[in-house]
$ cat entry26.cif   # mmCIF, C-alpha atoms
data_run
#
loop_
_atom_site.label_atom_id
_atom_site.label_comp_id
_atom_site.auth_asym_id
_atom_site.auth_seq_id
_atom_site.Cartn_x
_atom_site.Cartn_y
_atom_site.Cartn_z
CA MET Q 1 5.39 28.87 -97.28
CA ALA Q 2 8.30 30.41 -99.14
CA ASN Q 3 9.49 28.85 -102.36
CA ILE Q 4 13.05 27.52 -102.30
CA ASP Q 5 13.99 29.79 -105.21
CA ASP Q 6 12.82 32.82 -103.23
CA VAL Q 7 14.92 31.74 -100.26
CA ILE Q 8 18.02 31.32 -102.44
CA ASP Q 9 17.43 34.76 -104.02
CA ARG Q 10 17.13 36.35 -100.57
CA LEU Q 11 20.35 34.67 -99.47
CA GLU Q 12 22.15 35.91 -102.57
CA ARG Q 13 20.95 39.48 -101.96
CA LEU Q 14 22.02 39.24 -98.33
CA ASN Q 15 25.45 38.00 -99.39
CA ASN Q 16 25.82 40.91 -101.82
CA ASP Q 17 24.84 43.37 -99.09
CA ILE Q 18 27.46 41.88 -96.77
CA MET Q 19 30.13 42.22 -99.47
CA LEU Q 20 29.16 45.90 -99.98
CA LEU Q 21 29.37 46.46 -96.25
CA LYS Q 22 32.82 44.85 -96.19
CA ARG Q 23 34.02 47.15 -98.95
CA SER Q 24 32.69 50.22 -97.15
CA ILE Q 25 34.43 49.26 -93.88
CA ILE Q 26 37.89 48.87 -95.48
CA PRO Q 27 38.55 52.66 -95.69
CA LEU Q 28 37.69 52.97 -91.98
CA LEU Q 29 40.23 50.36 -90.90
CA PRO Q 30 43.36 51.76 -89.20
CA LEU Q 31 45.75 50.39 -91.83
CA PRO Q 32 48.74 52.08 -93.39
CA PRO Q 33 47.83 53.85 -96.65
CA THR Q 34 49.88 51.42 -98.74
CA ALA Q 35 48.02 48.37 -97.37
CA LYS Q 36 44.45 49.63 -97.94
CA PRO Q 37 44.43 49.09 -101.75
CA LEU Q 38 45.73 45.54 -101.30
CA VAL Q 39 43.02 44.68 -98.79
CA ARG Q 40 40.38 46.23 -101.07
CA ARG Q 41 41.58 44.19 -104.07
CA THR Q 42 41.54 40.89 -102.17
CA ALA Q 43 38.03 41.56 -100.86
CA GLU Q 44 36.76 42.44 -104.33
CA GLY Q 45 38.67 39.69 -106.14
CA LEU Q 46 37.55 36.30 -104.83
CA ASP Q 47 34.35 36.94 -102.87
CA PRO Q 48 32.05 37.58 -105.86
CA ILE Q 49 33.42 34.61 -107.80
CA ILE Q 50 33.05 32.24 -104.86
CA ALA Q 51 29.56 33.50 -104.09
CA GLU Q 52 28.47 33.10 -107.70
CA LEU Q 53 29.81 29.54 -107.86
CA TYR Q 54 28.17 28.68 -104.56
CA PHE Q 55 24.72 29.93 -105.50
CA ASP Q 56 24.91 28.37 -108.98
CA ALA Q 57 25.76 25.00 -107.42
CA LEU Q 58 22.95 25.42 -104.89
CA ARG Q 59 20.42 26.14 -107.62
CA GLY Q 60 21.69 23.17 -109.62
CA GLY Q 61 21.26 20.90 -106.62
CA VAL Q 62 17.71 22.11 -106.09
CA ASP Q 63 16.91 21.49 -109.76
CA LEU Q 64 18.31 17.97 -109.46
CA VAL Q 65 16.17 17.23 -106.43
CA ARG Q 66 13.08 18.42 -108.28
CA ASP Q 67 13.76 16.07 -111.21
CA PRO Q 68 11.38 13.08 -110.87
CA ARG Q 69 13.91 10.66 -112.40
CA VAL Q 70 16.46 11.54 -109.71
CA GLN Q 71 13.85 11.11 -107.00
CA GLU Q 72 12.91 7.69 -108.36
CA GLN Q 73 16.56 6.58 -108.54
CA SER Q 74 17.29 7.71 -105.00
CA LEU Q 75 14.17 5.93 -103.73
CA LYS Q 76 15.28 2.70 -105.44
CA ALA Q 77 18.77 3.08 -103.97
CA ILE Q 78 17.32 3.43 -100.47
CA GLN Q 79 15.08 0.39 -100.95
CA ASN Q 80 17.96 -1.75 -102.23
CA ALA Q 81 20.30 -0.66 -99.44
CA THR Q 82 19.35 -3.56 -97.16
CA ARG Q 83 22.13 -6.12 -97.00
CA PRO Q 84 21.44 -9.85 -97.03
CA ARG Q 85 21.83 -11.59 -93.69
CA SER Q 86 25.25 -13.06 -93.08
CA ARG Q 87 25.94 -16.72 -92.35
CA ALA Q 88 26.82 -15.90 -88.74
CA GLN Q 89 23.52 -14.06 -88.23
CA LYS Q 90 21.57 -17.02 -89.60
CA ARG Q 91 23.52 -19.42 -87.38
CA ASN Q 92 22.88 -17.23 -84.33
CA ASP Q 93 19.14 -17.08 -85.10
CA LYS Q 94 18.92 -20.88 -85.37
CA MET Q 95 20.76 -21.31 -82.10
CA GLN Q 96 18.54 -18.72 -80.45
CA SER Q 97 15.37 -20.47 -81.57
CA THR Q 98 16.61 -23.79 -80.15
CA ALA Q 99 17.59 -22.00 -76.93
CA PHE Q 100 14.04 -20.64 -76.65
CA LYS Q 101 12.63 -24.14 -77.22
CA ILE Q 102 14.82 -25.53 -74.42
CA ALA Q 103 13.91 -22.66 -72.06
CA ASN Q 104 10.20 -23.04 -72.82
CA SER Q 105 10.30 -26.78 -72.24
CA LYS Q 106 12.01 -26.31 -68.86
CA LEU Q 107 9.80 -23.49 -67.56
CA ARG Q 108 6.39 -24.70 -68.79
CA THR Q 109 4.23 -27.58 -67.66
CA LYS Q 110 3.20 -30.51 -69.87
CA SER Q 111 0.00 -28.70 -70.81
CA GLY Q 112 2.01 -25.66 -71.96
CA VAL Q 113 1.09 -23.29 -69.14
CA LEU Q 114 3.83 -21.27 -67.44
CA ARG Q 115 4.92 -22.67 -64.11
CA LYS Q 116 3.86 -20.84 -60.97
CA GLY Q 117 5.90 -17.67 -60.39
CA VAL Q 118 7.52 -17.79 -63.84
CA LYS Q 119 7.09 -14.88 -66.21
CA GLN Q 120 7.78 -14.51 -69.91
CA SER Q 121 10.89 -12.48 -69.07
CA ASP Q 122 12.21 -15.45 -67.07
CA ILE Q 123 11.94 -17.59 -70.19
CA ALA Q 124 13.83 -14.98 -72.21
CA LYS Q 125 16.58 -14.78 -69.56
CA ARG Q 126 16.85 -18.57 -69.46
CA ALA Q 127 17.04 -18.66 -73.26
CA GLN Q 128 19.91 -16.17 -73.20
CA LYS Q 129 21.78 -18.37 -70.73
CA GLU Q 130 21.13 -21.44 -72.89
CA LEU Q 131 22.35 -19.58 -75.97
CA LYS Q 132 25.53 -18.58 -74.16
CA LEU Q 133 26.12 -22.20 -73.17
CA MET Q 134 25.47 -23.38 -76.73
CA LYS Q 135 27.96 -20.89 -78.12
CA ARG Q 136 30.67 -21.94 -75.66
CA GLY Q 137 30.53 -25.60 -76.71
CA THR Q 138 29.63 -29.01 -75.37
CA ASN Q 139 31.83 -28.92 -72.26
CA ALA Q 140 30.40 -25.61 -71.20
CA LYS Q 141 29.03 -26.82 -67.87
CA LYS Q 142 32.38 -28.29 -66.87
CA ARG Q 143 34.37 -25.20 -67.82
CA PRO Q 144 34.21 -22.22 -65.47
CA ALA Q 145 32.91 -18.95 -66.88
CA LYS Q 146 35.52 -16.57 -68.23
CA SER Q 147 34.20 -13.57 -66.38
CA GLY Q 148 34.02 -14.10 -62.68
CA PRO Q 149 35.30 -12.71 -59.44
CA ARG Q 150 38.97 -11.94 -59.62
CA LYS Q 151 41.39 -13.24 -57.07
CA SER Q 152 42.88 -10.54 -54.96
CA PRO Q 153 46.68 -10.20 -55.02
CA PRO Q 154 48.55 -11.76 -52.11
CA ARG Q 155 48.89 -9.52 -49.09
CA ARG Q 156 52.30 -8.24 -48.24
CA SER Q 157 53.73 -8.86 -44.87
CA GLY Q 158 55.71 -6.34 -42.89
CA GLY Q 159 55.10 -2.76 -42.13
CA GLY Q 160 56.54 0.51 -43.22
CA LYS Q 161 56.50 2.47 -46.43
CA ARG Q 162 57.60 1.01 -49.72
#

$ encode --input "entry26.cif" --output "structure tokens"
Amino acid sequence: MANIDDVIDRLERLNNDIMLLKRSIIPLLPLPPTAKPLVRRTAEGLDPIIAELYFDALRGGVDLVRDPRVQEQSLKAIQNATRPRSRAQKRNDKMQSTAFKIANSKLRTKSGVLRKGVKQSDIAKRAQKELKLMKRGTNAKKRPAKSGPRKSPPRRSGGGKR
């Protein structure tokens, strides 16, 4: 496998070859004779400086990645990136566990076996419904659900275009 330094060197040589090719194409362009020196100067002026800065920065980045101290620091940063659980997440988890207890008690027999025709997924679905009811409050069964079938608008009487 190629070393990263070899790859960077090849890229730098390729970039230099492209710049030489650019400079050799400028005389062939159908430009007025007064514009050709200006185009040549702009192509020669900034391209080498930018390329040199780019490849120096690239090599510096590779050297940083190879440094074992930097690797250790980045590994620690990744490990410490986990955020503590919020109060709302903890509250939701507690409510969910009680919802599962309620659903299990309703869909299992006294001996703890699932009732006939009931699957584990049915318990999970029932627990989700219980959790939804718990989140809505104590009067949840009396209150109608927010999302339901919409009432259609009243029908207009009379014919013709409007």

$ closest_residue --input "entry26.cif" --among "Q:Gln128, Q:Gln89, Q:Gln120, Q:Asn15" --to "Ile102 (chain Q)" --atoms "all atoms listed in the file"
Q:Gln128

$ axis_aligned_box --input "entry26.cif" --around "region 115-129 of chain Q" --padding-each-side "6 Å" --output "JSON"
{"center_x": 12.8, "center_y": -17.6, "center_z": -66.8, "size_x": 29.9, "size_y": 22.2, "size_z": 24.9}

$ atom_distance --input "entry26.cif" --atom1 "CA of Asp63 (chain Q)" --atom2 "CA of Ile50 (chain Q)"
20.0 Å

$ residues_near_point --input "entry26.cif" --point "(27.1, 33.9, -107.0)" --cutoff "12 Å" --atoms "only C-alpha atoms" --output "PyMOL selection string"
chain Q and resi 8-9+11-16+19+46-59

$ atom_distance --input "entry26.cif" --atom1 "CA of Lys106 (chain Q)" --atom2 "CA of Ile123 (chain Q)"
8.8 Å
